[in-house]
Each structure stands twice: as structure tokens, then as C-alpha cells.
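> Sharing a structure below in C-alpha cells format, with a few things to ask.
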Amino acid sequence: MLLTYGFLFVRILFYGLLPHQELVMKTLQIVFLAGLLAIGLACGYSNHTTTPAQPGTIPTIAQLVPTNANAGTAFTLTVNGSNFASGAAVNFNGAAQTTMHVSANQLTAAIPGTADTKSGTVPVTVTNPGTPGGQYGGGTLPETSAAMNFTIN
């Protein structure tokens, strides 16, 4: 069959097409292009939908140690609870602090003296980071715990 098409190509090259052969060639071109289009769509070159990120794991705070501190003093805050992911951040009065992940049940955070300058209560929360998705989306969203109040004297 390949020899037949090769012979036809040589004949066309030297002698030109006969009128009915032009119609056949145009039809072959259309069929060939339609086949390429179908293969391109079937092989993943079409538009893919993305999967939205799923809810992440919500951390829970059970205890803060210490429960209070004097205004203007730096201290280390230990947060005990559950579901703390690696990379979780302690938020003190709404601002993320330098946090060390001890375990899934404990985090420590360095609270600078500038973060607690006025007496009163401030909220403490923990935020688990989201995880990235793949080529077509997915992953998880960041999740933040309910707040627990910390007292500044």
C-alpha cells in the first residue's frame, strides 16, 4: 500500500493531478486533518477542569502555658492541643509568630515584648498551612483554630 501511495506521489509530482484525483486528494487532506484533531483531543491537549482545594485539618487549642505575662516582656508560649500540622503557626493577637512544631499536640512560639505592650486579653489561634494541589488543582485549604484568650498584666 505504501508503494502505491509512493508511486501516486511520484506520478503527481511529474504529471500533475487529473480532475477526479484533485477531489480525492482534497478529501484525503480533510480526513487526515480531522484525524489529527481527534488524536490531539484524545491525547490530553484539551482543556482540563481543575479540582478545588478541600478543607484542611482544623487544629484545636486545649491549653496555653503560661496563661498570662507582664506587658512588654518577651516570653515563650507553649500551645497544647491537637491536629497541629508541620508548619503550623501560632497567631498572637492576630499576628503569626515564629513557631516551632514540637509534635502534633504541641507548638512553641517566641512572643516578642513588642507584641504585648498593653494589659488586657488577646486572642491566640493556630493556623495549619494548606497543601498544594497537583497539575489540575486539589490540595487542602489552610485552617485556623478557635481562639483562646491570653491575659497580659
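Following the order of the C-alpha cells, chains are lettered A, B, ..., residues in each are numbered from 1, and ligands are numbered from 1.
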Do a neighbour search on Glu143 (chain A) at 9 Å with only C-alpha atoms, toss out local chain neighbours closer than 2 positions, and write the hits as a list in words.
Pro55, Gly56, Thr57, Ile58, Pro59, Val126, Thr127, Asn128, Pro129, Gly130, Thr140, Leu141 and Ser145 of chain A
> Tell me which of A:Phe84, A:Phe92, A:Phe75, A:Phe150 sits closest to Thr121 (chain A), counting only C-alpha atoms.
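Using only C-alpha atoms, Thr121 (chain A) sits closest to A:Phe150.
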> List every residue of region 24-148 of chain A that DSSP, applied to the backbone of this structure, assigns to strand (DSSP E), and report them as a PyMOL selection string.
chain A and resi 60-65+68-69+75-82+89-92+95-96+98-103+106-111+120-128+143-144+148
> Just want the 10 Å neighbourhood of Ala104 (chain A), counted on only C-alpha atoms, with same-chain residues fewer than 5 positions away dropped. Output as a list in words.
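Once the nearby chain positions are removed, what remains is Pro59, Asn80, Gly81, Ser82, Asn83, Phe84, Ala85, Ser86 and Ala88 of chain A.
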> Between A:Gln29, A:Asn91, A:Thr117, A:Gln106, which is the closest to Val65 (chain A) once you count only C-alpha atoms?
A:Gln106
> Calculated over only C-alpha atoms, which of the candidates A:Gln63, A:Thr50, A:Thr73, A:Thr99 has the smallest distance to Ala147 (chain A)?
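When distances to Ala147 (chain A) are compared using only C-alpha atoms, the smallest one comes from A:Gln63.
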> So that I can check the secondary structure, give me every residue of region 41-146 of chain A assigned helix (DSSP H, G or I) by backbone DSSP, as a PyMOL selection string.
chain A and resi 41-42+113-115
> Keeping only C-alpha atoms, take the residues you just selected and write them out as a compact mmCIF listing (two decimals), in the first residue's frame.

# COMPACT_ATOMS: atom_id res chain seq x y z
CA LEU A 41 -8.15 16.00 21.72
CA ALA A 42 -7.94 12.40 22.88
CA GLY A 113 7.92 42.14 74.05
CA THR A 114 6.53 44.41 71.34
CA ALA A 115 3.59 42.04 70.80
